[in-house]
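In what follows, a single structure is set out as structure tokens and then discussed.
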Amino acid sequence: MPDSMNRFDEVLSRGFVRVGISGNAPGFSVQDNGSYTGFDVDFGRALAAALFGDPNAVEFVLQDETTKYSDVAQGIVDVTSNRATFSLMNDAAKSVDFAPINFYDFQGILVKSDSQINTLADINDQPIGVLNGTNSGQNIRNAFAEFNQSPNLVRFDTADALYAAYENGEIVAISTNASSLVARIPTLSNPSNHQVLDQIVAKEPFAMVIPENESEFADVVEWVNYATFQADEFGITSANLNDILATNSNPIIARFLGQAGDLGAALGLANDFVVNIIASVGNYEEIYQRHFGSFNLPTFNLGRNLNQDANEFGLLLSPPFAGSTGGVEDELIDNDNRNVLQEVLDRGYVIIGVEGNLPGLSQEVEGEFSGFNVELGRAIAAALFGDPNAVEFVVQPSFLDNFTATANGEVDITIAPITQNLVRDASLGVEFPLLFGYDGQAIIAAPGITELSDLANRRISLVEGSTSVQNIEDAFASIGETFEPVFVDSFDTILTPFLNGEADAASIDFAIILSQLIELNARKDELSPEAVERLENYVFLDDVLSKETLAFVTDENQSEWGDVVRWIGYSLMQAEEFGITGENVADLAATSTDPDIRQFLGVEGNLGESLGIPNDFALNAIAAVGNYGQILEREFGVLGIDLEQLGGAQLYSEGGLLYPPPFTGEVSAMLDINANNIVSFQGTDTTNLLFTLMNSQAAFPYEVGVYQVDDAQGTINGIAPGESGYLEAALRSQAQVIFSPIANQPQGFNPTLNRILEEFSSRDRLGFYLIQNSTTEIVQGNIAAGVAPPQVFFGTPDSLEVSELTGDGFQLVWDEIPTDELDELIFTVEMTNQLRPKGAESQGFGEQEILDLQSLTGKQSATFTLHREAAYNNMVSFYEIDSLTGDVNGVKPGESGYLDAVLDNRVLALDGQLAVENQGEKQVTVELDGGTLLAPFIIIDGTLEELLDSDSGNDPSVYFPYLGANGDGFDHIRSLGDNVFGFEDLPNGGDSDYNDMLIQVDIA
């Protein structure tokens, strides 16, 4: 297979499509008589029918909840049709895209009718079952937080195990999507004793999962879904299909069914691909009724079934199966290898194409832009940069230039009254990541014209290249008449021929006509008397020629950028649903305890970072322009336009078509490292990190550590890497030593150096540093004293190479620093359930080379393993300290009497025990008291007895973990890894090999 073959070509070459399904989800996918059946199965067969004319040209691949996204991302399947929730976290964090929502569901709660559980709050701390790998657990936690409870969640890997536990009484409730709960009830014992509570836990919109940056294949999957919606709207079924094919005279339906035009060819399919879909599985209503018609699915007080055609008060709406290229496809360039999101972020502002002459939508007056579309653009700028003015608006000279400018990278996004249709989607090198408005094509005409037939053979003003041309051609063809088109280049001139008497009518989106009427009335004194007469005397025909699904326009094969603008747009709709406004957003961010709102506004969680933008992107967008409804009212309400005439511009909960999918969600735990070598964690809980030294070849001792940063770029308190003050900010008290490997190891000393960092959360970000021939403590002390510190190297991509990246962790190779002394350092970072070893809890921070037994009680058995590479006969012991700062009975390190206090508080059981011959090995096991902090000290070439006798003249030197207590001010004790200590016996740093005594502690 050629390397250049994309997914669409690969599928066609293979001759069948691979579709991931559950296989154990009643209503969606189950095995029946050796074959699979269900809602999800039918959409897989619909795709096969469209691609190959054969609904059986499909291989179904069984998945569990943990693989339905990764299977697509890794190419194991071409598409997943498996109750996959379309949410921000799934869209942004799982390296996949989504087809249109084809099933609107809600997460519900299944309980036994005799359980006395009538609301979520009644469950209290009783166990609730959820499936691993789904959003259900996080949604339940958020729902319980509303009444200050924490759920008792029990997780299951399979649906069978989940329902078995429910039947056996191990759990009192199940929470998953309501349709699955209802479909499963008939299979349970005593089906009449089960109910789904009439309470929404969360939205669960399902969609097919498709690969990222595979626009050609994605277009096919998208329009296969739309074909089932559109067939339903047209009333075309598998039963009447042949009759309609034989008798149809409607040009719109003829084009839809491939009897006219080349819609299929635009997608690379047969022109009758829709016929193949309907003949194989039927329209959407047929599919839905076939698998869910016998179930009484809850509507959760919405008063309507969202899984119906929009004309039947549902949310299923297909953009037009129509369009033309206007010839601009020849002007497109191939630029798929760029990254628009990174270009925008590097540039520091976003370039947005707008119309510029449409009051209420986008209007430029003396260089200032205003209007609904402009406000959407400012929201994007605010979300990306915290500044709504970080935007350049570009007005295109003609309507068709909107597509070429976007596809060729002259603008980053176009926000204009542009309808998504099949031909534009498939042929013009663009994507439509978000439907943000719904309108219809209207006709304005001179008095006396009351219906479409009155315009037969008369002149109608139209925008060249817009869908309005084909729509009105279809309308006239359906009544057996023709008309004379009068073409203009742009929306702002659509009424000019009509007012000047050069046309008898004009036709375009209703909102555009209203916008132009407002603008023209404002400058009526500039118009001719004839134009004023027409402006004051016109009629709107009752005919609405088409639906106009208005969408953002972006370049194709730019999934990351498409995700960003999609979810910024959705954030304005979600804000309206939450009741968040431009006026109250800051207060809610500071005071709200609702976890959904807190995550949405970026107060907690990492929604923004999963998109590659700031976590508070929604907060910044709303603060700048308000929510969707506020923008609409501000820009159109003041113009006297009835907002209900704009069609669907209301939330789904209020009867409209605006439906923001869920933002929050439970993401499979995953460790990540970005291009700046910043480590982050994606997940809803916390994880522990295990650092393991695999290989080290160095001629000097060194320390590798991690430090906390604020964002994916490594910024700390506004200071970027490389800027003045960054070293001081990075190595503040939060810096933690991971390893301190030594260069010359004694015989027999070859431990695996580990460090476990506990409770690493999705809010944490870590960078790496390396210090050669010194320690973190010394560098911190030098910085505090204003003295130039030793060289510190940060883990930039130039020096620290990432390899073997997996979801659980990765391997790092540090082999490029300005000296030749470090040949290669290899260590791994991975998620783990292991806890830090007993005693190691405080190690790695500052002067904390200690054993922390504070959380332990009673006697603790501790085994000390000793090694030595030194000429001096050294001895080590431990002493009890008051706190992490090293005070002993109130005496601080460096104060007079500190050594005496140390000796008085030493661990007597270790007296004379921690000494070993050169190149020897020794083990000592003693009992230590829990609830204590113990610090080591080393006696240089002497004995404890010499320190304790009355002759001060024979006292050997003694060094401690605390630099202030050491006479030379140097660091003599290092924490090499968890519970592994290295000692340097020479003064003033000596040879800094820290192998003069090595002690590993294992507390049972």
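The way I read the labels, and the way they are meant: chains A, B, ... in the order of the structure tokens, residue 1 as the first residue of every chain, and ligand 1 as the first ligand shown, with later ones counted on from there.
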
Would you kindly return, as a PyMOL selection string, each protein, DNA or RNA residue with an atom no farther than 6 Å from any atom of segment 967-984 of chain A, considering only C-alpha atoms and excluding same-chain residues fewer than 6 positions away? chain A and resi 739-741+753-755+840+849+961+994-1001

Taking 3 positions as the minimum chain separation for residues in the same chain, which residues sit within 8 Å of segment 904-917 of chain A when counting only C-alpha atoms? Answer as number ranges by chain. A: 864, 866-868, 873-881, 888, 900-901, 920-922, 924, 926-928, 943-944

For Pro797 of chain A, the closest of A:Thr857, A:Asn674, A:Ser724, A:Asn339 counting only C-alpha atoms is A:Asn674

Please list as a VMD selection string every residue within 10 Å of Val96 of chain A, counting only C-alpha atoms and excluding residues in the same chain fewer than 4 positions away. chain A and resid 69 to 74 79 90 to 92 209 to 214 559 to 560

Could you turn the residues from that selection into a file that holds N, CA, C and O atoms, as a short mmCIF file (atom, residue, chain, number, x, y, z; two decimals), in the first residue's frame?
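To be explicit, this is the file written out as part_6.cif:
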data_model
loop_
_atom_site.label_atom_id
_atom_site.label_comp_id
_atom_site.auth_asym_id
_atom_site.auth_seq_id
_atom_site.Cartn_x
_atom_site.Cartn_y
_atom_site.Cartn_z
N TYR A 69 -12.28 4.20 21.21
CA TYR A 69 -11.63 5.38 20.64
C TYR A 69 -10.23 5.03 20.13
O TYR A 69 -9.85 5.41 19.02
N SER A 70 -9.47 4.31 20.94
CA SER A 70 -8.10 3.98 20.55
C SER A 70 -8.06 3.09 19.31
O SER A 70 -7.11 3.17 18.52
N ASP A 71 -9.07 2.26 19.12
CA ASP A 71 -9.10 1.42 17.91
C ASP A 71 -9.09 2.27 16.65
O ASP A 71 -8.46 1.92 15.64
N VAL A 72 -9.81 3.38 16.68
CA VAL A 72 -9.84 4.28 15.52
C VAL A 72 -8.52 5.02 15.40
O VAL A 72 -7.93 5.12 14.32
N ALA A 73 -8.03 5.56 16.51
CA ALA A 73 -6.78 6.32 16.49
C ALA A 73 -5.61 5.48 16.00
O ALA A 73 -4.72 5.98 15.32
N GLN A 74 -5.63 4.19 16.32
CA GLN A 74 -4.52 3.30 15.94
C GLN A 74 -4.76 2.58 14.62
O GLN A 74 -3.92 1.79 14.18
N VAL A 79 -13.77 3.03 11.63
CA VAL A 79 -14.76 3.86 12.28
C VAL A 79 -15.35 3.06 13.43
O VAL A 79 -15.43 1.83 13.38
N ASN A 90 -13.45 13.70 24.89
CA ASN A 90 -13.26 12.62 23.92
C ASN A 90 -12.78 13.16 22.58
O ASN A 90 -11.95 12.54 21.90
N ASP A 91 -13.28 14.32 22.19
CA ASP A 91 -12.91 14.92 20.91
C ASP A 91 -11.46 15.39 20.92
O ASP A 91 -10.72 15.21 19.95
N ALA A 92 -11.04 15.96 22.04
CA ALA A 92 -9.73 16.61 22.09
C ALA A 92 -8.62 15.69 22.58
O ALA A 92 -7.47 15.84 22.16
N VAL A 209 -17.24 7.44 15.53
CA VAL A 209 -15.88 7.94 15.76
C VAL A 209 -15.06 7.72 14.51
O VAL A 209 -15.04 6.62 13.94
N ILE A 210 -14.38 8.77 14.05
CA ILE A 210 -13.62 8.72 12.80
C ILE A 210 -12.19 9.20 13.04
O ILE A 210 -11.92 9.88 14.03
N PRO A 211 -11.26 8.86 12.17
CA PRO A 211 -9.86 9.26 12.39
C PRO A 211 -9.68 10.77 12.23
O PRO A 211 -10.39 11.44 11.47
N GLU A 212 -8.70 11.31 12.94
CA GLU A 212 -8.33 12.71 12.76
C GLU A 212 -7.61 12.92 11.43
O GLU A 212 -6.95 12.02 10.92
N ASN A 213 -7.77 14.11 10.88
CA ASN A 213 -7.03 14.54 9.69
C ASN A 213 -7.16 13.58 8.52
O ASN A 213 -6.22 13.34 7.76
N GLU A 214 -8.36 13.02 8.39
CA GLU A 214 -8.71 12.18 7.23
C GLU A 214 -10.00 12.75 6.63
O GLU A 214 -11.05 12.11 6.63
N SER A 559 -7.49 18.94 12.21
CA SER A 559 -8.39 18.51 13.29
C SER A 559 -8.19 19.28 14.57
O SER A 559 -9.15 19.63 15.26
N GLU A 560 -6.93 19.56 14.94
CA GLU A 560 -6.70 20.28 16.20
C GLU A 560 -7.33 21.66 16.17
O GLU A 560 -7.97 22.08 17.14
#

*Give me every strand (DSSP E) residue in segment 375-522 of chain A, going by DSSP on the backbone, as a VMD selection string.*
chain A and resid 391 to 395 413 to 414 430 to 431 435 to 445 459 to 463 484 to 488 505 to 509

**Asked** Which of segment 760-846 of chain A counts as helix (DSSP H, G or I) under DSSP, as a list in words please?
**Response** Thr776, Glu777, Ile778, Val779, Gln780, Gly781, Asn782, Ile783, Ala784 and Ala785 of chain A

- Residue contacts of segment 248-259 of chain A (8 Å, only C-alpha atoms) excluding same-chain residues fewer than 3 positions away, as a VMD selection string: chain A and resid 234 244 to 245 262 to 264 271 to 275 321 to 322 474 477 to 478

Dump of N, CA, C and O atoms for the selected residues, as a PDB file, in the first residue's frame:
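Wrote it out as again-v5.pdb, contents follow:
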ATOM      1  N   PHE A 234     -37.530  13.862   3.936  1.00  0.00           N
ATOM      2  CA  PHE A 234     -38.237  13.770   2.658  1.00  0.00           C
ATOM      3  C   PHE A 234     -39.352  12.722   2.686  1.00  0.00           C
ATOM      4  O   PHE A 234     -40.175  12.673   1.764  1.00  0.00           O
ATOM      5  N   ILE A 244     -40.734   6.106  -5.610  1.00  0.00           N
ATOM      6  CA  ILE A 244     -40.250   7.489  -5.741  1.00  0.00           C
ATOM      7  C   ILE A 244     -39.239   7.589  -6.873  1.00  0.00           C
ATOM      8  O   ILE A 244     -39.258   8.554  -7.652  1.00  0.00           O
ATOM      9  N   LEU A 245     -38.364   6.605  -6.994  1.00  0.00           N
ATOM     10  CA  LEU A 245     -37.403   6.624  -8.098  1.00  0.00           C
ATOM     11  C   LEU A 245     -38.113   6.620  -9.453  1.00  0.00           C
ATOM     12  O   LEU A 245     -37.651   7.253 -10.423  1.00  0.00           O
ATOM     13  N   ASP A 262     -24.110  15.378  -9.520  1.00  0.00           N
ATOM     14  CA  ASP A 262     -22.962  14.520  -9.213  1.00  0.00           C
ATOM     15  C   ASP A 262     -22.575  14.622  -7.737  1.00  0.00           C
ATOM     16  O   ASP A 262     -21.401  14.738  -7.392  1.00  0.00           O
ATOM     17  N   LEU A 263     -23.555  14.565  -6.863  1.00  0.00           N
ATOM     18  CA  LEU A 263     -23.251  14.665  -5.438  1.00  0.00           C
ATOM     19  C   LEU A 263     -22.383  13.499  -4.978  1.00  0.00           C
ATOM     20  O   LEU A 263     -21.426  13.684  -4.215  1.00  0.00           O
ATOM     21  N   GLY A 264     -22.710  12.297  -5.410  1.00  0.00           N
ATOM     22  CA  GLY A 264     -21.898  11.146  -5.014  1.00  0.00           C
ATOM     23  C   GLY A 264     -20.475  11.264  -5.495  1.00  0.00           C
ATOM     24  O   GLY A 264     -19.522  10.987  -4.751  1.00  0.00           O
ATOM     25  N   ASN A 271     -23.078   8.005  -7.611  1.00  0.00           N
ATOM     26  CA  ASN A 271     -24.067   9.068  -7.430  1.00  0.00           C
ATOM     27  C   ASN A 271     -25.347   8.573  -6.765  1.00  0.00           C
ATOM     28  O   ASN A 271     -26.080   9.371  -6.175  1.00  0.00           O
ATOM     29  N   ASP A 272     -25.609   7.283  -6.832  1.00  0.00           N
ATOM     30  CA  ASP A 272     -26.806   6.751  -6.171  1.00  0.00           C
ATOM     31  C   ASP A 272     -26.486   6.146  -4.805  1.00  0.00           C
ATOM     32  O   ASP A 272     -27.186   5.254  -4.333  1.00  0.00           O
ATOM     33  N   PHE A 273     -25.439   6.655  -4.142  1.00  0.00           N
ATOM     34  CA  PHE A 273     -25.057   6.079  -2.853  1.00  0.00           C
ATOM     35  C   PHE A 273     -26.188   6.185  -1.833  1.00  0.00           C
ATOM     36  O   PHE A 273     -26.348   5.318  -0.972  1.00  0.00           O
ATOM     37  N   VAL A 274     -26.993   7.244  -1.918  1.00  0.00           N
ATOM     38  CA  VAL A 274     -28.108   7.392  -0.981  1.00  0.00           C
ATOM     39  C   VAL A 274     -29.147   6.297  -1.216  1.00  0.00           C
ATOM     40  O   VAL A 274     -29.717   5.746  -0.273  1.00  0.00           O
ATOM     41  N   VAL A 275     -29.383   5.967  -2.476  1.00  0.00           N
ATOM     42  CA  VAL A 275     -30.323   4.880  -2.794  1.00  0.00           C
ATOM     43  C   VAL A 275     -29.849   3.581  -2.151  1.00  0.00           C
ATOM     44  O   VAL A 275     -30.639   2.821  -1.565  1.00  0.00           O
ATOM     45  N   PHE A 321     -28.200  18.702   0.687  1.00  0.00           N
ATOM     46  CA  PHE A 321     -27.536  17.869  -0.321  1.00  0.00           C
ATOM     47  C   PHE A 321     -27.566  18.669  -1.613  1.00  0.00           C
ATOM     48  O   PHE A 321     -28.405  18.459  -2.491  1.00  0.00           O
ATOM     49  N   ALA A 322     -26.645  19.597  -1.711  1.00  0.00           N
ATOM     50  CA  ALA A 322     -26.668  20.553  -2.823  1.00  0.00           C
ATOM     51  C   ALA A 322     -25.302  21.196  -2.910  1.00  0.00           C
ATOM     52  O   ALA A 322     -24.355  20.794  -2.235  1.00  0.00           O
ATOM     53  N   ASP A 474     -34.182  24.991  -8.229  1.00  0.00           N
ATOM     54  CA  ASP A 474     -34.984  23.817  -7.890  1.00  0.00           C
ATOM     55  C   ASP A 474     -36.449  24.195  -7.676  1.00  0.00           C
ATOM     56  O   ASP A 474     -37.356  23.463  -8.096  1.00  0.00           O
ATOM     57  N   ALA A 477     -38.059  24.792 -11.001  1.00  0.00           N
ATOM     58  CA  ALA A 477     -38.198  23.534 -11.741  1.00  0.00           C
ATOM     59  C   ALA A 477     -39.362  22.714 -11.208  1.00  0.00           C
ATOM     60  O   ALA A 477     -40.064  22.030 -11.978  1.00  0.00           O
ATOM     61  N   SER A 478     -39.599  22.778  -9.892  1.00  0.00           N
ATOM     62  CA  SER A 478     -40.678  21.982  -9.302  1.00  0.00           C
ATOM     63  C   SER A 478     -42.060  22.465  -9.733  1.00  0.00           C
ATOM     64  O   SER A 478     -43.029  21.703  -9.653  1.00  0.00           O
TER      65      SER A 478
END

- Query: Hey, what's within 12 Å of Val709 of chain A if we count only C-alpha atoms and toss same-chain stuff fewer than 2 positions away? As a PyMOL selection string, please?
  - Reply: chain A and resi 676-680+706-707+711-721+726-727+729-732+734-735+763-768

| If you count only C-alpha atoms, which residues fall within 8 Å of segment 14-25 of chain A, apart from same-chain ones fewer than 2 positions away, as a ChimeraX atom specification? | /A:10-12,27-31,36,40-41,44,47-48,52,57-64,68,71,77-82,159,180

Shell around Leu693 of chain A at 12 Å using only C-alpha atoms, local window under 3 positions removed, as an MDAnalysis selection string: chainID A and resid 690 696:697 703:704 738:742 750:756 811:814 824:830 976:978
